[in-house]
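Have a look at coords-v8.pdb below; it lists PDB, C-alpha atoms.
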```pdb
ATOM      1  CA  MET A 224       8.679 -42.593   3.270
ATOM      2  CA  GLN A 225       5.250 -43.126   1.815
ATOM      3  CA  LYS A 226       2.332 -40.812   1.299
ATOM      4  CA  SER A 227      -1.019 -41.493  -0.283
ATOM      5  CA  LYS A 228      -4.463 -40.013  -0.650
ATOM      6  CA  TYR A 229      -7.555 -42.026  -1.530
ATOM      7  CA  ILE A 230     -10.553 -40.350  -3.141
ATOM      8  CA  ASP A 231     -14.145 -41.465  -3.544
ATOM      9  CA  VAL A 232     -15.291 -41.870  -7.150
ATOM     10  CA  ALA A 233     -18.943 -40.997  -7.801
ATOM     11  CA  GLU A 234     -21.004 -42.012 -10.812
ATOM     12  CA  ALA A 235     -21.056 -38.373 -11.913
ATOM     13  CA  ASP A 236     -17.251 -38.325 -11.944
ATOM     14  CA  LEU A 237     -17.162 -41.230 -14.377
ATOM     15  CA  ARG A 238     -19.407 -39.348 -16.803
ATOM     16  CA  TRP A 239     -16.472 -36.975 -17.280
ATOM     17  CA  GLY A 240     -14.628 -39.973 -18.727
ATOM     18  CA  LEU A 241     -11.854 -40.396 -16.190
ATOM     19  CA  ALA A 242     -11.729 -40.332 -12.390
ATOM     20  CA  VAL A 243      -8.868 -40.714  -9.911
ATOM     21  CA  SER A 244      -9.221 -43.003  -6.897
ATOM     22  CA  ALA A 245      -5.755 -42.655  -5.324
ATOM     23  CA  VAL A 246      -2.523 -40.673  -5.621
ATOM     24  CA  GLY A 247       0.755 -41.256  -3.836
ATOM     25  CA  TYR A 248       4.516 -41.291  -3.590
ATOM     26  CA  GLU A 249       6.965 -43.856  -2.246
ATOM     27  CA  GLU A 250      10.571 -43.314  -1.264
ATOM     28  CA  ALA A 251      12.615 -46.380  -0.293
ATOM     29  CA  ALA A 252      16.250 -45.876   0.736
ATOM     30  CA  PRO A 253      18.972 -48.258  -0.482
ATOM     31  CA  GLY A 254      19.241 -51.227   1.857
ATOM     32  CA  ALA A 255      15.784 -50.729   3.365
ATOM     33  CA  PRO A 256      13.373 -53.686   3.525
ATOM     34  CA  VAL A 257      11.516 -54.064   0.232
ATOM     35  CA  HIS A 258       7.739 -53.959   0.131
ATOM     36  CA  VAL A 259       6.154 -55.615  -2.914
ATOM     37  CA  HIS A 260       2.988 -53.980  -4.227
ATOM     38  CA  GLY A 261       0.226 -55.122  -6.528
ATOM     39  CA  HIS A 262      -2.026 -58.083  -7.219
ATOM     40  CA  VAL A 263       0.200 -61.136  -7.076
ATOM     41  CA  GLY A 264      -2.597 -63.572  -7.999
ATOM     42  CA  GLY A 265      -5.230 -63.494 -10.714
ATOM     43  CA  PHE A 266      -8.123 -61.045 -10.555
ATOM     44  CA  SER A 267     -11.021 -59.997 -12.754
ATOM     45  CA  ASP A 268     -11.635 -56.887 -14.812
ATOM     46  CA  LYS A 269     -13.904 -55.549 -12.078
ATOM     47  CA  ARG A 270     -13.188 -54.947  -8.417
ATOM     48  CA  ASN A 271     -15.154 -57.009  -5.912
ATOM     49  CA  ASP A 272     -17.395 -54.056  -5.064
ATOM     50  CA  GLY A 273     -18.497 -53.741  -8.691
ATOM     51  CA  ALA A 274     -16.580 -50.490  -9.276
ATOM     52  CA  PRO A 275     -14.846 -49.936 -12.631
ATOM     53  CA  ALA A 276     -11.518 -51.658 -13.201
ATOM     54  CA  GLU A 277      -8.564 -49.473 -12.327
ATOM     55  CA  TYR A 278      -5.435 -48.398 -14.164
ATOM     56  CA  ARG A 279      -2.235 -47.543 -12.339
ATOM     57  CA  LEU A 280       0.499 -45.201 -13.594
ATOM     58  CA  LEU A 281       3.915 -45.167 -11.923
ATOM     59  CA  TYR A 282       6.921 -42.938 -12.561
ATOM     60  CA  VAL A 283      10.325 -43.960 -11.205
ATOM     61  CA  VAL A 284      12.343 -40.768 -10.681
ATOM     62  CA  GLU A 285      15.301 -42.280  -8.862
ATOM     63  CA  GLY A 286      16.730 -45.741  -8.189
ATOM     64  CA  ALA A 287      15.473 -48.976  -9.742
ATOM     65  CA  GLY A 288      12.995 -51.766  -9.188
ATOM     66  CA  THR A 289      11.269 -54.754 -10.720
ATOM     67  CA  LEU A 290       7.920 -55.384 -12.374
ATOM     68  CA  THR A 291       6.218 -58.713 -13.025
ATOM     69  CA  ASN A 292       2.831 -59.107 -14.683
ATOM     70  CA  ALA A 293       0.655 -61.676 -16.401
ATOM     71  CA  ARG A 294       2.327 -61.227 -19.776
ATOM     72  CA  GLN A 295       6.005 -61.173 -18.898
ATOM     73  CA  GLU A 296       8.563 -62.418 -16.439
ATOM     74  CA  GLN A 297      10.260 -60.123 -13.968
ATOM     75  CA  THR A 298      11.544 -56.965 -15.667
ATOM     76  CA  ARG A 299      13.916 -54.401 -14.247
ATOM     77  CA  VAL A 300      12.706 -50.795 -14.238
ATOM     78  CA  ARG A 301      14.958 -47.798 -13.776
ATOM     79  CA  GLU A 302      15.037 -44.067 -13.263
ATOM     80  CA  GLY A 303      13.025 -42.349 -15.987
ATOM     81  CA  ASP A 304      10.649 -45.266 -16.619
ATOM     82  CA  MET A 305       6.893 -44.679 -16.790
ATOM     83  CA  ILE A 306       4.829 -47.803 -16.062
ATOM     84  CA  MET A 307       1.196 -48.297 -17.078
ATOM     85  CA  LEU A 308      -0.547 -51.210 -15.347
ATOM     86  CA  LEU A 309      -3.773 -52.340 -16.982
ATOM     87  CA  PRO A 310      -6.803 -53.800 -15.202
ATOM     88  CA  GLN A 311      -6.757 -57.171 -16.955
ATOM     89  CA  GLN A 312      -3.321 -58.053 -15.607
ATOM     90  CA  TRP A 313      -2.153 -59.327 -12.262
ATOM     91  CA  HIS A 314       1.098 -57.664 -11.334
ATOM     92  CA  SER A 315       3.672 -57.088  -8.606
ATOM     93  CA  TYR A 316       6.303 -54.383  -8.365
ATOM     94  CA  GLY A 317       8.691 -52.780  -5.934
ATOM     95  CA  PRO A 318      12.142 -51.252  -5.485
ATOM     96  CA  LEU A 319      15.411 -53.150  -5.569
ATOM     97  CA  ARG A 320      16.867 -53.434  -2.096
ATOM     98  CA  GLU A 321      20.348 -52.390  -3.212
ATOM     99  CA  THR A 322      19.177 -49.193  -4.931
ATOM    100  CA  GLY A 323      15.842 -48.263  -3.390
ATOM    101  CA  TRP A 324      13.712 -45.873  -5.412
ATOM    102  CA  LYS A 325      11.580 -42.764  -5.514
ATOM    103  CA  CYS A 326       8.311 -43.452  -7.285
ATOM    104  CA  HIS A 327       5.180 -41.387  -7.935
ATOM    105  CA  TRP A 328       1.919 -43.210  -8.642
ATOM    106  CA  ILE A 329      -1.700 -42.528  -9.467
ATOM    107  CA  VAL A 330      -4.716 -44.845  -9.801
ATOM    108  CA  PHE A 331      -7.668 -44.028 -12.060
ATOM    109  CA  CYS A 332     -10.562 -45.494 -14.016
ATOM    110  CA  GLY A 333     -13.252 -44.525 -16.483
ATOM    111  CA  PRO A 334     -14.711 -45.066 -19.953
ATOM    112  CA  LEU A 335     -12.114 -42.785 -21.587
ATOM    113  CA  MET A 336      -9.309 -45.157 -20.579
ATOM    114  CA  ASP A 337     -11.401 -48.214 -21.464
ATOM    115  CA  ALA A 338     -11.945 -46.778 -24.960
ATOM    116  CA  ARG A 339      -8.217 -46.166 -25.386
ATOM    117  CA  LEU A 340      -7.519 -49.741 -24.348
ATOM    118  CA  GLU A 341     -10.135 -51.154 -26.741
ATOM    119  CA  ALA A 342      -8.747 -48.996 -29.565
ATOM    120  CA  GLY A 343      -5.285 -50.464 -29.073
ATOM    121  CA  LEU A 344      -3.743 -47.185 -27.888
ATOM    122  CA  LEU A 345      -2.462 -48.889 -24.729
ATOM    123  CA  ASP A 346      -0.037 -51.736 -25.331
ATOM    124  CA  ALA A 347      -0.546 -54.565 -22.833
ATOM    125  CA  ASP A 348       2.728 -56.134 -23.989
ATOM    126  CA  ARG A 349       4.774 -53.003 -23.324
ATOM    127  CA  PRO A 350       3.865 -51.576 -19.917
ATOM    128  CA  VAL A 351       7.225 -49.829 -19.409
ATOM    129  CA  ARG A 352       8.121 -46.719 -21.420
ATOM    130  CA  HIS A 353      11.392 -44.874 -20.882
ATOM    131  CA  ILE A 354      10.808 -41.114 -20.894
ATOM    132  CA  GLY A 355      13.876 -39.961 -18.928
ATOM    133  CA  PHE A 356      13.719 -37.610 -15.998
ATOM    134  CA  SER A 357      11.102 -34.881 -16.473
ATOM    135  CA  GLY A 358      10.589 -32.060 -14.012
ATOM    136  CA  GLU A 359       7.272 -31.336 -15.706
ATOM    137  CA  ALA A 360       6.050 -34.890 -15.073
ATOM    138  CA  VAL A 361       7.085 -34.674 -11.404
ATOM    139  CA  GLU A 362       5.210 -31.368 -11.055
ATOM    140  CA  LEU A 363       2.094 -32.967 -12.553
ATOM    141  CA  PHE A 364       2.194 -35.873 -10.093
ATOM    142  CA  ASN A 365       2.743 -33.420  -7.227
ATOM    143  CA  SER A 366      -0.131 -31.291  -8.471
ATOM    144  CA  ALA A 367      -2.380 -34.370  -8.538
ATOM    145  CA  TYR A 368      -1.446 -35.193  -4.948
ATOM    146  CA  ASP A 369      -2.031 -31.607  -3.762
ATOM    147  CA  THR A 370      -5.405 -31.515  -5.528
ATOM    148  CA  ALA A 371      -6.434 -34.820  -3.961
ATOM    149  CA  GLN A 372      -5.377 -33.572  -0.526
ATOM    150  CA  LYS A 373      -7.274 -30.297  -0.774
ATOM    151  CA  GLU A 374     -10.271 -31.756  -2.641
ATOM    152  CA  PRO A 375     -11.497 -28.436  -4.065
ATOM    153  CA  PRO A 376     -14.861 -28.254  -5.874
ATOM    154  CA  LEU A 377     -14.763 -30.316  -9.061
ATOM    155  CA  ALA A 378     -11.479 -31.893  -7.960
ATOM    156  CA  GLN A 379     -12.079 -34.901 -10.228
ATOM    157  CA  THR A 380     -12.298 -32.608 -13.241
ATOM    158  CA  LEU A 381      -8.868 -31.193 -12.406
ATOM    159  CA  LEU A 382      -7.435 -34.647 -11.734
ATOM    160  CA  ALA A 383      -8.789 -36.028 -15.014
ATOM    161  CA  GLY A 384      -6.970 -33.251 -16.855
ATOM    162  CA  ILE A 385      -3.740 -33.930 -14.975
ATOM    163  CA  VAL A 386      -3.810 -37.654 -15.760
ATOM    164  CA  SER A 387      -4.456 -36.992 -19.450
ATOM    165  CA  HIS A 388      -1.605 -34.465 -19.443
ATOM    166  CA  ILE A 389       0.778 -37.002 -17.900
ATOM    167  CA  ILE A 390      -0.130 -39.684 -20.438
ATOM    168  CA  GLY A 391       0.249 -37.262 -23.356
ATOM    169  CA  LEU A 392       3.531 -35.904 -21.996
ATOM    170  CA  ALA A 393       4.895 -39.434 -21.576
ATOM    171  CA  ARG A 394       4.187 -40.210 -25.239
ATOM    172  CA  VAL A 395       5.983 -37.051 -26.362
ATOM    173  CA  LEU A 396       8.971 -37.597 -24.079
ATOM    174  CA  GLU A 397       9.340 -41.216 -25.151
ATOM    175  CA  HIS A 398       9.389 -40.012 -28.748
ATOM    176  CA  TYR A 399      12.150 -37.487 -27.998
ATOM    177  CA  VAL A 400      14.239 -39.976 -26.032
ATOM    178  CA  ALA A 401      14.038 -42.518 -28.849
ATOM    179  CA  ALA A 402      14.572 -39.954 -31.599
ATOM    180  CA  ASN A 403      17.603 -38.379 -29.972
ATOM    181  CA  LYS A 404      19.556 -41.539 -29.243
ATOM    182  CA  THR A 405      21.909 -40.681 -32.083
ATOM    183  CA  VAL A 406      22.069 -37.848 -34.585
ATOM    184  CA  SER A 407      22.700 -40.424 -37.289
ATOM    185  CA  HIS A 408      19.145 -41.761 -36.947
ATOM    186  CA  ALA A 409      17.648 -38.352 -37.767
ATOM    187  CA  SER A 410      20.074 -37.966 -40.643
ATOM    188  CA  MET A 411      19.172 -41.388 -42.023
ATOM    189  CA  VAL A 412      15.437 -40.620 -41.954
ATOM    190  CA  SER A 413      16.045 -37.278 -43.695
ATOM    191  CA  LYS A 414      17.984 -39.071 -46.436
ATOM    192  CA  ALA A 415      15.197 -41.628 -46.797
ATOM    193  CA  ARG A 416      12.530 -38.928 -47.163
ATOM    194  CA  LEU A 417      14.578 -37.179 -49.846
ATOM    195  CA  ARG A 418      15.173 -40.484 -51.648
ATOM    196  CA  MET A 419      11.427 -41.195 -51.683
ATOM    197  CA  LYS A 420      10.717 -37.790 -53.217
ATOM    198  CA  GLU A 421      13.421 -38.219 -55.842
ATOM    199  CA  ALA A 422      12.200 -41.702 -56.816
ATOM    200  CA  LEU A 423       8.488 -40.926 -56.635
ATOM    201  CA  GLU A 424       7.812 -42.044 -60.209
ATOM    202  CA  SER A 425      10.110 -45.065 -60.117
ATOM    203  CA  SER A 426       9.577 -48.600 -58.823
ATOM    204  CA  LEU A 427      12.019 -48.159 -55.928
ATOM    205  CA  SER A 428      10.680 -50.018 -52.879
ATOM    206  CA  ILE A 429      10.926 -49.165 -49.195
ATOM    207  CA  GLN A 430      13.014 -52.303 -48.673
ATOM    208  CA  GLN A 431      15.480 -51.116 -51.334
ATOM    209  CA  ILE A 432      15.770 -47.710 -49.667
ATOM    210  CA  ALA A 433      16.544 -49.398 -46.334
ATOM    211  CA  GLU A 434      19.168 -51.539 -48.074
ATOM    212  CA  GLU A 435      20.756 -48.449 -49.642
ATOM    213  CA  LEU A 436      20.996 -46.871 -46.187
ATOM    214  CA  GLY A 437      22.565 -50.004 -44.708
ATOM    215  CA  VAL A 438      19.858 -50.850 -42.180
ATOM    216  CA  SER A 439      17.364 -53.690 -41.835
ATOM    217  CA  TYR A 440      13.812 -52.992 -42.960
ATOM    218  CA  SER A 441      12.366 -53.560 -39.476
ATOM    219  CA  SER A 442      14.820 -51.093 -37.876
ATOM    220  CA  PHE A 443      14.289 -48.589 -40.674
ATOM    221  CA  ARG A 444      10.497 -48.769 -40.343
ATOM    222  CA  LYS A 445      10.673 -48.262 -36.564
ATOM    223  CA  LEU A 446      13.060 -45.292 -36.751
ATOM    224  CA  PHE A 447      11.140 -43.687 -39.614
ATOM    225  CA  LYS A 448       7.889 -43.805 -37.635
ATOM    226  CA  ILE A 449       9.571 -42.408 -34.505
ATOM    227  CA  HIS A 450      10.831 -39.382 -36.448
ATOM    228  CA  THR A 451       7.874 -38.721 -38.738
ATOM    229  CA  GLY A 452       4.832 -40.299 -37.079
ATOM    230  CA  PHE A 453       4.166 -42.307 -40.277
ATOM    231  CA  SER A 454       5.256 -45.701 -41.514
ATOM    232  CA  PRO A 455       7.508 -45.447 -44.604
ATOM    233  CA  ALA A 456       4.809 -46.961 -46.820
ATOM    234  CA  THR A 457       2.173 -44.476 -45.611
ATOM    235  CA  TYR A 458       4.554 -41.553 -46.085
ATOM    236  CA  GLN A 459       5.464 -42.709 -49.596
ATOM    237  CA  GLN A 460       1.796 -43.078 -50.516
ATOM    238  CA  GLU A 461       1.053 -39.566 -49.217
ATOM    239  CA  LEU A 462       3.795 -38.216 -51.478
ATOM    240  CA  LYS A 463       2.350 -40.075 -54.461
ATOM    241  CA  LEU A 464      -1.157 -38.734 -53.845
ATOM    242  CA  GLN A 465       0.187 -35.188 -53.604
ATOM    243  CA  ARG A 466       2.049 -35.728 -56.889
ATOM    244  CA  ALA A 467      -1.140 -37.128 -58.450
ATOM    245  CA  LYS A 468      -3.021 -33.936 -57.531
ATOM    246  CA  GLU A 469      -0.290 -31.904 -59.238
ATOM    247  CA  LEU A 470      -0.452 -34.037 -62.392
ATOM    248  CA  LEU A 471      -4.247 -33.842 -62.509
ATOM    249  CA  SER A 472      -4.078 -30.049 -62.213
ATOM    250  CA  THR A 473      -1.160 -29.306 -64.529
ATOM    251  CA  THR A 474      -1.204 -31.963 -67.258
ATOM    252  CA  ASP A 475      -3.612 -33.647 -69.656
ATOM    253  CA  MET A 476      -2.586 -37.130 -68.530
ATOM    254  CA  SER A 477      -5.447 -39.542 -68.006
ATOM    255  CA  VAL A 478      -6.245 -41.038 -64.617
ATOM    256  CA  LYS A 479      -4.972 -44.376 -65.906
ATOM    257  CA  GLU A 480      -1.674 -42.856 -67.078
ATOM    258  CA  ILE A 481      -1.146 -41.130 -63.728
ATOM    259  CA  ALA A 482      -1.891 -44.309 -61.805
ATOM    260  CA  TYR A 483       0.730 -46.301 -63.697
ATOM    261  CA  ARG A 484       3.233 -43.452 -63.753
ATOM    262  CA  LEU A 485       3.137 -43.375 -59.938
ATOM    263  CA  ASN A 486       3.287 -47.186 -59.702
ATOM    264  CA  PHE A 487      -0.112 -47.848 -58.148
ATOM    265  CA  ASP A 488      -1.244 -51.445 -58.585
ATOM    266  CA  SER A 489      -4.141 -50.422 -60.820
ATOM    267  CA  PRO A 490      -6.179 -47.344 -61.791
ATOM    268  CA  ASP A 491      -9.034 -48.583 -59.603
ATOM    269  CA  TYR A 492      -6.728 -48.916 -56.586
ATOM    270  CA  PHE A 493      -5.348 -45.436 -57.241
ATOM    271  CA  SER A 494      -8.860 -43.965 -57.505
ATOM    272  CA  ALA A 495      -9.937 -45.638 -54.260
ATOM    273  CA  LYS A 496      -6.900 -44.339 -52.344
ATOM    274  CA  PHE A 497      -7.314 -40.882 -53.842
ATOM    275  CA  LYS A 498     -10.981 -40.708 -52.823
ATOM    276  CA  THR A 499     -10.187 -41.921 -49.289
ATOM    277  CA  LYS A 500      -7.593 -39.174 -48.932
ATOM    278  CA  THR A 501      -9.384 -36.265 -50.628
ATOM    279  CA  GLY A 502     -13.049 -37.205 -50.546
ATOM    280  CA  ARG A 503     -13.212 -36.969 -54.345
ATOM    281  CA  LYS A 504     -12.418 -39.239 -57.270
ATOM    282  CA  PRO A 505      -9.469 -38.188 -59.483
ATOM    283  CA  SER A 506     -11.888 -37.540 -62.356
ATOM    284  CA  ASP A 507     -13.886 -35.155 -60.122
ATOM    285  CA  LEU A 508     -10.777 -33.069 -59.507
ATOM    286  CA  ARG A 509      -9.940 -33.028 -63.193
ATOM    287  CA  ASN A 510     -13.500 -31.982 -64.132
ATOM    288  CA  ALA A 511     -13.544 -29.285 -61.440
ATOM    289  CA  ASP A 512     -10.466 -27.749 -62.926
TER     290      ASP A 512
END
```
What does the file become when written as structure tokens?
Amino acid sequence: MQKSKYIDVAEADLRWGLAVSAVGYEEAAPGAPVHVHGHVGGFSDKRNDGAPAEYRLLYVVEGAGTLTNARQEQTRVREGDMIMLLPQQWHSYGPLRETGWKCHWIVFCGPLMDARLEAGLLDADRPVRHIGFSGEAVELFNSAYDTAQKEPPLAQTLLAGIVSHIIGLARVLEHYVAANKTVSHASMVSKARLRMKEALESSLSIQQIAEELGVSYSSFRKLFKIHTGFSPATYQQELKLQRAKELLSTTDMSVKEIAYRLNFDSPDYFSAKFKTKTGRKPSDLRNAD
């Protein structure tokens, strides 16, 4: 079973930042003939008619399939995977014959997505994100299809909001799936945060903390960012700057003494980081008090 709805995109729609050109759903039963979708050859950033390049978002809710694009060989996708196909890449995808699949999809374009791509918020090397099964995501795709079918006034405004909601939801769900793989990961990050606070005025490095916890630095950095939203180094620096504010407010220590006490490379480096964070130099805070 397949259903789809194509929608005209006007110039005014693009001024909103994001416009949807098609919405659909495909259901392929196990054993049914497989239909491969996508651009199997190379293609440019712009469609032949001069319209903006299009992004395609797919959500596999049941079964499994394969994806091939310009940057990677054939990859298996499974239930709970969200796939973002970018306009610069040729690609092909479809269900596995032995499993079939149920897959929602939506196609869109606009300067908002182009800006996200240019800012590095969309990873061309990682088109597949596992978010698990989400009833909320399914409802959003269904809502997009119903809106496209009915085409109420300002339908593109509604659809732009739905697409943004799906993308934001996918990021959150991926975070939860990764963070909840094991309770021990959350426990390890909590221990690391406490260790950083305890050793704030020592020379203990992030690498040494990872070693104490029995994990490689690369794994530790990845898990720490999943749970906190910060890299370990950024988190540690935030703690040091908070401690610096306390020392400036409650002691007579000089800026130089505080910088070395908190193991900054130099007083100048400390002052620069402090000003970037607070908008003021350390001496300004001290004088204000």
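Pairwise distance (CA of Asn365 (chain A), CA of Ile329 (chain A)) equals 10.4 Å.
Taken over the shown file, the PyMOL selection byres ((chain A and resi 359) around 12) identifies Val284, Ile354, Gly355, Phe356, Ser357, Gly358, Ala360, Val361, Glu362, Leu363, Phe364, Asn365, Ser366, Ile385, His388, Ile389, Gly391, Leu392, Ala393 and Leu396 of chain A.
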(Q) Using Å and a single decimal, report how far CA of Leu344 (chain A) sits from CA of Ile449 (chain A). (A)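 These two atoms are separated by 15.6 Å.
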Could you give me, as a short mmCIF file (atom, residue, chain, number, x, y, z; two decimals) with C-alpha atoms, in the coordinates of the input, the residues that sit within 12 Å of (19.3, -50.2, -47.9) in the file's coordinates, counting all atoms listed in the file?
```cif
data_model
loop_
_atom_site.label_atom_id
_atom_site.label_comp_id
_atom_site.auth_asym_id
_atom_site.auth_seq_id
_atom_site.Cartn_x
_atom_site.Cartn_y
_atom_site.Cartn_z
CA MET A 411 19.17 -41.39 -42.02
CA VAL A 412 15.44 -40.62 -41.95
CA LYS A 414 17.98 -39.07 -46.44
CA ALA A 415 15.20 -41.63 -46.80
CA ARG A 418 15.17 -40.48 -51.65
CA LEU A 427 12.02 -48.16 -55.93
CA SER A 428 10.68 -50.02 -52.88
CA ILE A 429 10.93 -49.16 -49.20
CA GLN A 430 13.01 -52.30 -48.67
CA GLN A 431 15.48 -51.12 -51.33
CA ILE A 432 15.77 -47.71 -49.67
CA ALA A 433 16.54 -49.40 -46.33
CA GLU A 434 19.17 -51.54 -48.07
CA GLU A 435 20.76 -48.45 -49.64
CA LEU A 436 21.00 -46.87 -46.19
CA GLY A 437 22.56 -50.00 -44.71
CA VAL A 438 19.86 -50.85 -42.18
CA SER A 439 17.36 -53.69 -41.84
CA TYR A 440 13.81 -52.99 -42.96
CA SER A 441 12.37 -53.56 -39.48
CA SER A 442 14.82 -51.09 -37.88
CA PHE A 443 14.29 -48.59 -40.67
CA ARG A 444 10.50 -48.77 -40.34
#
```
**Q.** Separation of CA of Met224 (chain A) from CA of Gln297 (chain A) in Å
**A.**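 Going from CA of Gln297 (chain A) over to CA of Met224 (chain A), I get 24.6 Å.
What the PyMOL selection byres ((chain A and resi 508) around 12) matches in the given file is Ala467, Lys468, Glu469, Leu470, Leu471, Ser472, Thr473, Ser477, Val478, Ser494, Phe497, Lys498, Thr501, Gly502, Arg503, Lys504, Pro505, Ser506, Asp507, Arg509, Asn510, Ala511 and Asp512 of chain A.
Distance annotation: of A:Lys373, A:Lys325, A:Lys420, A:Arg394, the residue with the minimal separation from Arg352 (chain A) is A:Arg394; atom set is only C-alpha atoms.
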Q. So which residues touch region 240-252 of chain A within 7 Å, counting all atoms listed in the file, skipping near sequence neighbours fewer than 5 positions away, as a list of chain:residue names?
A.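 With the cut-off at 7 Å, the set is A:Met224, A:Gln225, A:Lys226, A:Ser227, A:Lys228, A:Tyr229, A:Ile230, A:Asp231, A:Val232, A:Gly323, A:Trp324, A:Lys325, A:Cys326, A:His327, A:Trp328, A:Ile329, A:Val330, A:Phe331, A:Cys332, A:Gly333, A:Pro334, A:Leu335, A:Met336, A:Ala367, A:Tyr368, A:Gln379, A:Leu382, A:Ala383.
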Q) Looking at A:Val400, A:Leu446, A:Val283, A:Ala482, which one is nearest to Val351 (chain A), with distances taken over all atoms listed in the file? A)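 Once distances to Val351 (chain A) are computed over all atoms listed in the file, the minimum belongs to A:Val283.
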